[in-house]
Amino acid sequence: MKQQSTKQPVFLGFASQKGGVGKSSLAEVLASILYYEKGASLLVVDCDGTQESFFKLRQRERRMIENDEELSRQMTQFFTKFGKQAYPIIRSTPKDAIKDVKEYVSSHDTEISLAIFDFPGHAGTEDLLQLSIDMDYIITPIEADPQSLVSSFAYAKAVRDLGIGLSDAHIKDLLLLWNKINRSASTIVMDHYTQYAKEQEINLFDAHVYHSVRFSRELGQGGVKGVFRSTYLPPSLSLRLPTGIDLWVEEVMEKCHIIPQ
């Protein structure tokens with residue numbers, strides 16, 4: 001197994017082969033829980049240019065806070081008690097993302113132990129494949145849709161084969177995550193592809209994330225006590241308990257060797 005350098009943060013990428021599988025939402029939830037609750041020192045690298053990107057969520061939240069006196073008061077109270085500022089988000093491209101992180105780390109005194117990269121909604125270009133093998137770990141959310149599963153498994157095998165074949169590749173593991181699971185739906189497709197993943201030696205998280213309409217709640221909809229997606233707050237515990245998010249976060253910390261400070 002490759003040794004992790006102590007001079008740079010753990011590089012954790014979120015990649016998907018299909019839009020709408022919850023890639024950015026999961027990355028946002030993970031970043032907020034790790035930073036605001038677990039004490040991990042991290043930054044986010046937004047390589048996604050969509051409306052659902054990290055950077056644009058932060059922009060929406062900032063406008064909400066600036067225009068709502070009560071929300072502004074509550075957020076001031078939260079960060080005063082928290083004792084730190086919100087985690088940084090930098091915008092980049094797949095081609096420049098690694099360089100931008102290294103420049104940020106070298107120009108700031110705060111030690112960064114984790115960099116979370118939000119990939120664009122597809123990973124078919126040369127720059128994206130290069131960024132993939134430059135990660136330490138990649139998380140790929142998947143849904144029980146055979147058409148999208150074919151491309152997700154093809155990407156997983158490509159990253160694995162490139163990582164093994166190239167001596168300068170950093171990738172240690174790619175983990176698939178069953179996401180948006182409907183508790184009442186048949187598990188036939190999930191069972192088949194879980195077995196296929198074992199046969200292909202592609203790793204899956206043991207934890208599953210279950211579907212909830214609450215995933216879409218932002219500050220403007222749920223407020224401080226009812227928010228799910230936020231770059232300024234962890235998701236409300238009461239909203240996330242039925243989703244399996246916390247078990248998944250613990251497994252991420254274990255399998256990606258994320259040690260809170």
# chains A, B, ... in the order shown; residues from 1 in each chain; ligands from 1
$ residues_around --residues "region 129-141 of chain A" --least-positions-apart "6" --cutoff "7 Å" --atoms "only C-alpha atoms" --output "list in words"
Val10, Phe11, Leu12, Gly13, Phe14, Ala15, Ser16, Val21, Gly22, Lys23, Pro94, Ala123, Val159, Gly163, Ala169, His170, Ile171, Lys172, Asp173, Leu174, Leu175, Leu176, Leu177, Trp178, Asn179 and Cys256 of chain A
$ select_by_dssp --residues "region 1-238 of chain A" --states "alpha helix (DSSP H)" --output "ChimeraX atom specification"
/A:23-32,54-67,69-82,97-107,126-134,146-165,188-199,219-222,237-238
$ atom_distance --atom1 "CA of Tyr232 (chain A)" --atom2 "CA of Gln74 (chain A)"
11.5 Å
$ closest_residue --among "A:Lys38, A:Tyr104, A:Glu143, A:Phe54" --to "Gly20 (chain A)" --atoms "only C-alpha atoms"
A:Glu143
$ residues_around --residues "region 56-62 of chain A" --least-positions-apart "4" --cutoff "9 Å" --atoms "only C-alpha atoms" --output "list in words"
Gly49, Thr50, Gln51, Glu52, Glu66, Asn67, Ile89, Glu218, Leu219, Gly220, Arg229, Ser230, Thr231 and Tyr232 of chain A
$ write_last_selection --atoms "N, CA and C atoms" --output "mmCIF file, in the first residue's frame"
data_model
loop_
_atom_site.group_PDB
_atom_site.id
_atom_site.type_symbol
_atom_site.label_atom_id
_atom_site.label_comp_id
_atom_site.auth_asym_id
_atom_site.auth_seq_id
_atom_site.Cartn_x
_atom_site.Cartn_y
_atom_site.Cartn_z
ATOM 1 N N GLY A 49 -19.048 23.296 -12.146
ATOM 2 C CA GLY A 49 -19.551 24.617 -12.475
ATOM 3 C C GLY A 49 -21.059 24.731 -12.493
ATOM 4 N N THR A 50 -21.764 23.756 -11.904
ATOM 5 C CA THR A 50 -23.222 23.739 -11.993
ATOM 6 C C THR A 50 -23.858 24.589 -10.902
ATOM 7 N N GLN A 51 -25.172 24.705 -10.972
ATOM 8 C CA GLN A 51 -25.923 25.446 -9.953
ATOM 9 C C GLN A 51 -25.853 24.767 -8.587
ATOM 10 N N GLU A 52 -25.533 23.491 -8.565
ATOM 11 C CA GLU A 52 -25.491 22.738 -7.314
ATOM 12 C C GLU A 52 -24.094 22.687 -6.717
ATOM 13 N N GLU A 66 -26.880 37.921 4.782
ATOM 14 C CA GLU A 66 -26.773 39.378 4.678
ATOM 15 C C GLU A 66 -28.142 40.055 4.656
ATOM 16 N N ASN A 67 -29.143 39.359 4.127
ATOM 17 C CA ASN A 67 -30.468 39.969 3.952
ATOM 18 C C ASN A 67 -31.471 39.591 5.036
ATOM 19 N N ILE A 89 -13.446 27.567 0.594
ATOM 20 C CA ILE A 89 -13.815 26.942 -0.671
ATOM 21 C C ILE A 89 -13.071 27.672 -1.781
ATOM 22 N N GLU A 218 -32.034 23.997 2.421
ATOM 23 C CA GLU A 218 -30.946 24.945 2.634
ATOM 24 C C GLU A 218 -31.364 25.941 3.707
ATOM 25 N N LEU A 219 -30.497 26.901 3.995
ATOM 26 C CA LEU A 219 -30.778 27.879 5.047
ATOM 27 C C LEU A 219 -32.083 28.629 4.801
ATOM 28 N N GLY A 220 -32.339 28.963 3.564
ATOM 29 C CA GLY A 220 -33.537 29.724 3.243
ATOM 30 C C GLY A 220 -34.811 28.927 3.410
ATOM 31 N N ARG A 229 -28.410 20.916 3.650
ATOM 32 C CA ARG A 229 -27.274 21.290 2.794
ATOM 33 C C ARG A 229 -26.790 22.666 3.204
ATOM 34 N N SER A 230 -25.562 22.749 3.681
ATOM 35 C CA SER A 230 -25.014 24.033 4.099
ATOM 36 C C SER A 230 -23.498 23.967 4.132
ATOM 37 N N THR A 231 -22.860 25.071 3.773
ATOM 38 C CA THR A 231 -21.410 25.181 3.932
ATOM 39 C C THR A 231 -21.053 25.890 5.225
ATOM 40 N N TYR A 232 -22.066 26.386 5.946
ATOM 41 C CA TYR A 232 -21.840 27.110 7.192
ATOM 42 C C TYR A 232 -22.250 26.320 8.434
#
$ select_by_dssp --residues "region 11-241 of chain A" --states "strand (DSSP E or B)" --output "PDB file with C-alpha atoms, in the first residue's frame"
ATOM      1  CA  PHE A  11      -7.033  14.304  -1.253  1.00  0.00           C
ATOM      2  CA  LEU A  12     -10.631  13.036  -1.318  1.00  0.00           C
ATOM      3  CA  GLY A  13     -12.570  13.330  -4.568  1.00  0.00           C
ATOM      4  CA  PHE A  14     -16.304  13.028  -5.214  1.00  0.00           C
ATOM      5  CA  LEU A  42     -10.189  20.996   5.627  1.00  0.00           C
ATOM      6  CA  LEU A  43     -10.722  22.962   2.475  1.00  0.00           C
ATOM      7  CA  VAL A  44     -13.026  22.318  -0.458  1.00  0.00           C
ATOM      8  CA  VAL A  45     -12.004  22.502  -4.106  1.00  0.00           C
ATOM      9  CA  ASP A  46     -14.991  23.167  -6.344  1.00  0.00           C
ATOM     10  CA  ILE A  89     -13.815  26.942  -0.671  1.00  0.00           C
ATOM     11  CA  ILE A  90     -11.661  27.556  -3.720  1.00  0.00           C
ATOM     12  CA  ARG A  91     -12.867  27.379  -7.310  1.00  0.00           C
ATOM     13  CA  LEU A 114      -8.059  17.168   4.180  1.00  0.00           C
ATOM     14  CA  ALA A 115      -8.922  18.563   0.754  1.00  0.00           C
ATOM     15  CA  ILE A 116     -12.329  17.572  -0.637  1.00  0.00           C
ATOM     16  CA  PHE A 117     -12.627  17.862  -4.417  1.00  0.00           C
ATOM     17  CA  ASP A 118     -16.065  18.145  -6.027  1.00  0.00           C
ATOM     18  CA  TYR A 137      -9.423   8.370  -2.367  1.00  0.00           C
ATOM     19  CA  ILE A 138     -12.488   8.761  -4.565  1.00  0.00           C
ATOM     20  CA  ILE A 139     -16.108   8.363  -3.499  1.00  0.00           C
ATOM     21  CA  THR A 140     -18.568   7.601  -6.283  1.00  0.00           C
ATOM     22  CA  PRO A 141     -22.287   7.637  -5.387  1.00  0.00           C
ATOM     23  CA  ILE A 142     -24.369   5.123  -7.328  1.00  0.00           C
ATOM     24  CA  ASP A 173      -8.841   3.408  -3.268  1.00  0.00           C
ATOM     25  CA  LEU A 174     -12.104   4.187  -5.034  1.00  0.00           C
ATOM     26  CA  LEU A 175     -15.239   3.435  -3.062  1.00  0.00           C
ATOM     27  CA  LEU A 176     -18.740   3.147  -4.464  1.00  0.00           C
ATOM     28  CA  LEU A 177     -21.640   4.269  -2.274  1.00  0.00           C
ATOM     29  CA  TRP A 178     -25.242   3.170  -2.645  1.00  0.00           C
ATOM     30  CA  ILE A 181     -32.018   4.165  -1.563  1.00  0.00           C
ATOM     31  CA  ASN A 203     -14.824  -1.615  -3.042  1.00  0.00           C
ATOM     32  CA  LEU A 204     -18.220  -0.550  -1.747  1.00  0.00           C
ATOM     33  CA  TYR A 210     -31.314   6.431   2.133  1.00  0.00           C
TER      34      TYR A 210
END
$ residues_around --residues "Ser151 (chain A)" --least-positions-apart "2" --cutoff "12 Å" --atoms "only C-alpha atoms" --output "list in words"
Ala15, Ser16, Gln17, Lys18, His122, Ala123, Gly124, Thr140, Ile142, Glu143, Asp145, Pro146, Gln147, Ser148, Leu149, Phe153, Ala154, Tyr155, Ala156, Lys157 and Ala158 of chain A
$ write_last_selection --atoms "N, CA and C atoms" --output "PDB file, in the first residue's frame"
ATOM      1  N   ALA A  15     -16.767  11.905  -7.311  1.00  0.00           N
ATOM      2  CA  ALA A  15     -16.947  11.823  -8.759  1.00  0.00           C
ATOM      3  C   ALA A  15     -18.164  10.974  -9.077  1.00  0.00           C
ATOM      4  N   SER A  16     -18.822  11.295 -10.172  1.00  0.00           N
ATOM      5  CA  SER A  16     -19.967  10.496 -10.617  1.00  0.00           C
ATOM      6  C   SER A  16     -20.019  10.518 -12.132  1.00  0.00           C
ATOM      7  N   GLN A  17     -20.688   9.530 -12.684  1.00  0.00           N
ATOM      8  CA  GLN A  17     -20.850   9.430 -14.131  1.00  0.00           C
ATOM      9  C   GLN A  17     -22.240   9.858 -14.580  1.00  0.00           C
ATOM     10  N   LYS A  18     -23.061  10.276 -13.626  1.00  0.00           N
ATOM     11  CA  LYS A  18     -24.440  10.643 -13.946  1.00  0.00           C
ATOM     12  C   LYS A  18     -24.867  11.779 -13.030  1.00  0.00           C
ATOM     13  N   HIS A 122     -19.214  14.467 -14.777  1.00  0.00           N
ATOM     14  CA  HIS A 122     -18.774  13.356 -15.627  1.00  0.00           C
ATOM     15  C   HIS A 122     -17.254  13.311 -15.536  1.00  0.00           C
ATOM     16  N   ALA A 123     -16.690  12.201 -15.898  1.00  0.00           N
ATOM     17  CA  ALA A 123     -15.232  12.064 -15.735  1.00  0.00           C
ATOM     18  C   ALA A 123     -14.599  11.413 -16.963  1.00  0.00           C
ATOM     19  N   GLY A 124     -14.985  11.871 -18.146  1.00  0.00           N
ATOM     20  CA  GLY A 124     -14.511  11.238 -19.357  1.00  0.00           C
ATOM     21  C   GLY A 124     -13.319  11.894 -20.029  1.00  0.00           C
ATOM     22  N   THR A 140     -17.660   7.525  -5.140  1.00  0.00           N
ATOM     23  CA  THR A 140     -18.568   7.601  -6.283  1.00  0.00           C
ATOM     24  C   THR A 140     -19.954   7.131  -5.864  1.00  0.00           C
ATOM     25  N   ILE A 142     -23.676   5.865  -6.280  1.00  0.00           N
ATOM     26  CA  ILE A 142     -24.369   5.123  -7.328  1.00  0.00           C
ATOM     27  C   ILE A 142     -25.817   4.885  -6.907  1.00  0.00           C
ATOM     28  N   GLU A 143     -26.688   4.788  -7.900  1.00  0.00           N
ATOM     29  CA  GLU A 143     -28.098   4.473  -7.685  1.00  0.00           C
ATOM     30  C   GLU A 143     -28.431   3.175  -8.410  1.00  0.00           C
ATOM     31  N   ASP A 145     -29.775   2.035 -10.878  1.00  0.00           N
ATOM     32  CA  ASP A 145     -30.196   2.248 -12.263  1.00  0.00           C
ATOM     33  C   ASP A 145     -29.175   1.567 -13.170  1.00  0.00           C
ATOM     34  N   PRO A 146     -29.524   0.469 -13.832  1.00  0.00           N
ATOM     35  CA  PRO A 146     -28.547  -0.312 -14.594  1.00  0.00           C
ATOM     36  C   PRO A 146     -27.752   0.502 -15.609  1.00  0.00           C
ATOM     37  N   GLN A 147     -28.390   1.446 -16.289  1.00  0.00           N
ATOM     38  CA  GLN A 147     -27.687   2.219 -17.306  1.00  0.00           C
ATOM     39  C   GLN A 147     -26.556   3.058 -16.705  1.00  0.00           C
ATOM     40  N   SER A 148     -26.835   3.762 -15.604  1.00  0.00           N
ATOM     41  CA  SER A 148     -25.793   4.580 -14.986  1.00  0.00           C
ATOM     42  C   SER A 148     -24.763   3.721 -14.262  1.00  0.00           C
ATOM     43  N   LEU A 149     -25.172   2.547 -13.778  1.00  0.00           N
ATOM     44  CA  LEU A 149     -24.247   1.663 -13.082  1.00  0.00           C
ATOM     45  C   LEU A 149     -23.162   1.144 -14.024  1.00  0.00           C
ATOM     46  N   PHE A 153     -19.253   1.717 -13.063  1.00  0.00           N
ATOM     47  CA  PHE A 153     -18.311   0.611 -12.889  1.00  0.00           C
ATOM     48  C   PHE A 153     -17.170   0.701 -13.894  1.00  0.00           C
ATOM     49  N   ALA A 154     -17.461   1.164 -15.100  1.00  0.00           N
ATOM     50  CA  ALA A 154     -16.396   1.339 -16.096  1.00  0.00           C
ATOM     51  C   ALA A 154     -15.389   2.388 -15.619  1.00  0.00           C
ATOM     52  N   TYR A 155     -15.888   3.481 -15.040  1.00  0.00           N
ATOM     53  CA  TYR A 155     -15.007   4.516 -14.486  1.00  0.00           C
ATOM     54  C   TYR A 155     -14.185   3.958 -13.336  1.00  0.00           C
ATOM     55  N   ALA A 156     -14.819   3.210 -12.450  1.00  0.00           N
ATOM     56  CA  ALA A 156     -14.106   2.636 -11.306  1.00  0.00           C
ATOM     57  C   ALA A 156     -12.974   1.724 -11.765  1.00  0.00           C
ATOM     58  N   LYS A 157     -13.248   0.894 -12.769  1.00  0.00           N
ATOM     59  CA  LYS A 157     -12.213  -0.018 -13.258  1.00  0.00           C
ATOM     60  C   LYS A 157     -11.097   0.741 -13.973  1.00  0.00           C
ATOM     61  N   ALA A 158     -11.461   1.817 -14.690  1.00  0.00           N
ATOM     62  CA  ALA A 158     -10.440   2.617 -15.371  1.00  0.00           C
ATOM     63  C   ALA A 158      -9.506   3.275 -14.366  1.00  0.00           C
TER      64      ALA A 158
END
$ residues_around --residues "Val29 (chain A)" --least-positions-apart "2" --cutoff "7 Å" --atoms "only C-alpha atoms" --output "list in words"
Ser25, Leu26, Ala27, Ala31, Ser32, Ile33, Arg229, Pro234 and Pro235 of chain A
$ write_last_selection --atoms "C-alpha atoms" --output "short mmCIF file (atom, residue, chain, number, x, y, z; two decimals), in the first residue's frame"
data_model
loop_
_atom_site.label_atom_id
_atom_site.label_comp_id
_atom_site.auth_asym_id
_atom_site.auth_seq_id
_atom_site.Cartn_x
_atom_site.Cartn_y
_atom_site.Cartn_z
CA SER A 25 -24.91 17.07 -1.70
CA LEU A 26 -22.94 14.21 -0.11
CA ALA A 27 -19.69 16.14 -0.41
CA ALA A 31 -17.42 18.48 4.70
CA SER A 32 -19.74 20.17 7.19
CA ILE A 33 -19.91 17.21 9.60
CA ARG A 229 -27.27 21.29 2.79
CA PRO A 234 -23.65 20.73 9.87
CA PRO A 235 -26.96 19.17 8.85
#
$ atom_distance --atom1 "CA of Gly83 (chain A)" --atom2 "CA of Leu71 (chain A)"
18.2 Å
$ residues_around --residues "Asp246 (chain A)" --least-positions-apart "2" --cutoff "10 Å" --atoms "only C-alpha atoms" --output "PDB file with C-alpha atoms, in the first residue's frame"
ATOM      1  CA  VAL A  29     -22.742  17.076   4.105  1.00  0.00           C
ATOM      2  CA  LEU A  30     -19.448  15.257   4.680  1.00  0.00           C
ATOM      3  CA  ILE A  33     -19.911  17.213   9.596  1.00  0.00           C
ATOM      4  CA  ALA A 207     -23.070   1.917   4.902  1.00  0.00           C
ATOM      5  CA  VAL A 209     -27.536   6.424   2.337  1.00  0.00           C
ATOM      6  CA  LEU A 237     -29.231  15.791  13.503  1.00  0.00           C
ATOM      7  CA  ARG A 240     -30.109  13.191   9.001  1.00  0.00           C
ATOM      8  CA  LEU A 241     -30.722  10.334  11.450  1.00  0.00           C
ATOM      9  CA  PRO A 242     -33.104   8.397   9.140  1.00  0.00           C
ATOM     10  CA  THR A 243     -30.704   8.699   6.183  1.00  0.00           C
ATOM     11  CA  GLY A 244     -27.754   6.643   7.453  1.00  0.00           C
ATOM     12  CA  TRP A 248     -21.338   6.541   6.381  1.00  0.00           C
ATOM     13  CA  VAL A 249     -19.306   9.481   7.749  1.00  0.00           C
ATOM     14  CA  GLU A 250     -17.722   7.209  10.364  1.00  0.00           C
ATOM     15  CA  GLU A 251     -16.840   4.709   7.643  1.00  0.00           C
ATOM     16  CA  VAL A 252     -15.333   7.464   5.472  1.00  0.00           C
TER      17      VAL A 252
END
$ decode --residues "region 211-228 of chain A" --atoms "N, CA and C atoms" --output "PDB file, in the first residue's frame"
ATOM      1  N   HIS A 211     -32.856   7.598   0.746  1.00  0.00           N
ATOM      2  CA  HIS A 211     -33.515   8.759   0.146  1.00  0.00           C
ATOM      3  C   HIS A 211     -34.303   9.557   1.178  1.00  0.00           C
ATOM      4  N   SER A 212     -34.204  10.885   1.058  1.00  0.00           N
ATOM      5  CA  SER A 212     -35.018  11.776   1.881  1.00  0.00           C
ATOM      6  C   SER A 212     -35.190  13.095   1.146  1.00  0.00           C
ATOM      7  N   VAL A 213     -36.411  13.599   1.121  1.00  0.00           N
ATOM      8  CA  VAL A 213     -36.658  14.893   0.495  1.00  0.00           C
ATOM      9  C   VAL A 213     -35.979  16.010   1.284  1.00  0.00           C
ATOM     10  N   ARG A 214     -35.579  15.717   2.513  1.00  0.00           N
ATOM     11  CA  ARG A 214     -34.957  16.727   3.368  1.00  0.00           C
ATOM     12  C   ARG A 214     -33.550  17.097   2.911  1.00  0.00           C
ATOM     13  N   PHE A 215     -32.946  16.280   2.042  1.00  0.00           N
ATOM     14  CA  PHE A 215     -31.610  16.577   1.542  1.00  0.00           C
ATOM     15  C   PHE A 215     -31.546  17.934   0.863  1.00  0.00           C
ATOM     16  N   SER A 216     -32.652  18.409   0.323  1.00  0.00           N
ATOM     17  CA  SER A 216     -32.645  19.659  -0.433  1.00  0.00           C
ATOM     18  C   SER A 216     -32.757  20.897   0.444  1.00  0.00           C
ATOM     19  N   ARG A 217     -32.978  20.736   1.734  1.00  0.00           N
ATOM     20  CA  ARG A 217     -33.205  21.892   2.609  1.00  0.00           C
ATOM     21  C   ARG A 217     -31.935  22.725   2.782  1.00  0.00           C
ATOM     22  N   GLU A 218     -32.034  23.997   2.421  1.00  0.00           N
ATOM     23  CA  GLU A 218     -30.946  24.945   2.634  1.00  0.00           C
ATOM     24  C   GLU A 218     -31.364  25.941   3.707  1.00  0.00           C
ATOM     25  N   LEU A 219     -30.497  26.901   3.995  1.00  0.00           N
ATOM     26  CA  LEU A 219     -30.778  27.879   5.047  1.00  0.00           C
ATOM     27  C   LEU A 219     -32.083  28.629   4.801  1.00  0.00           C
ATOM     28  N   GLY A 220     -32.339  28.963   3.564  1.00  0.00           N
ATOM     29  CA  GLY A 220     -33.537  29.724   3.243  1.00  0.00           C
ATOM     30  C   GLY A 220     -34.811  28.927   3.410  1.00  0.00           C
ATOM     31  N   GLN A 221     -34.712  27.607   3.493  1.00  0.00           N
ATOM     32  CA  GLN A 221     -35.897  26.752   3.608  1.00  0.00           C
ATOM     33  C   GLN A 221     -36.064  26.205   5.016  1.00  0.00           C
ATOM     34  N   GLY A 222     -34.959  25.783   5.632  1.00  0.00           N
ATOM     35  CA  GLY A 222     -35.052  25.154   6.940  1.00  0.00           C
ATOM     36  C   GLY A 222     -34.578  26.007   8.094  1.00  0.00           C
ATOM     37  N   GLY A 223     -33.845  27.093   7.781  1.00  0.00           N
ATOM     38  CA  GLY A 223     -33.280  27.899   8.850  1.00  0.00           C
ATOM     39  C   GLY A 223     -32.163  27.163   9.565  1.00  0.00           C
ATOM     40  N   VAL A 224     -31.621  27.786  10.606  1.00  0.00           N
ATOM     41  CA  VAL A 224     -30.472  27.231  11.313  1.00  0.00           C
ATOM     42  C   VAL A 224     -30.785  25.853  11.904  1.00  0.00           C
ATOM     43  N   LYS A 225     -32.003  25.666  12.421  1.00  0.00           N
ATOM     44  CA  LYS A 225     -32.339  24.411  13.093  1.00  0.00           C
ATOM     45  C   LYS A 225     -32.876  23.341  12.153  1.00  0.00           C
ATOM     46  N   GLY A 226     -33.119  23.688  10.897  1.00  0.00           N
ATOM     47  CA  GLY A 226     -33.698  22.710   9.980  1.00  0.00           C
ATOM     48  C   GLY A 226     -32.960  22.588   8.670  1.00  0.00           C
ATOM     49  N   VAL A 227     -31.674  22.956   8.656  1.00  0.00           N
ATOM     50  CA  VAL A 227     -30.900  22.940   7.422  1.00  0.00           C
ATOM     51  C   VAL A 227     -30.268  21.563   7.204  1.00  0.00           C
ATOM     52  N   PHE A 228     -30.149  21.163   5.942  1.00  0.00           N
ATOM     53  CA  PHE A 228     -29.448  19.925   5.604  1.00  0.00           C
ATOM     54  C   PHE A 228     -28.214  20.242   4.771  1.00  0.00           C
TER      55      PHE A 228
END
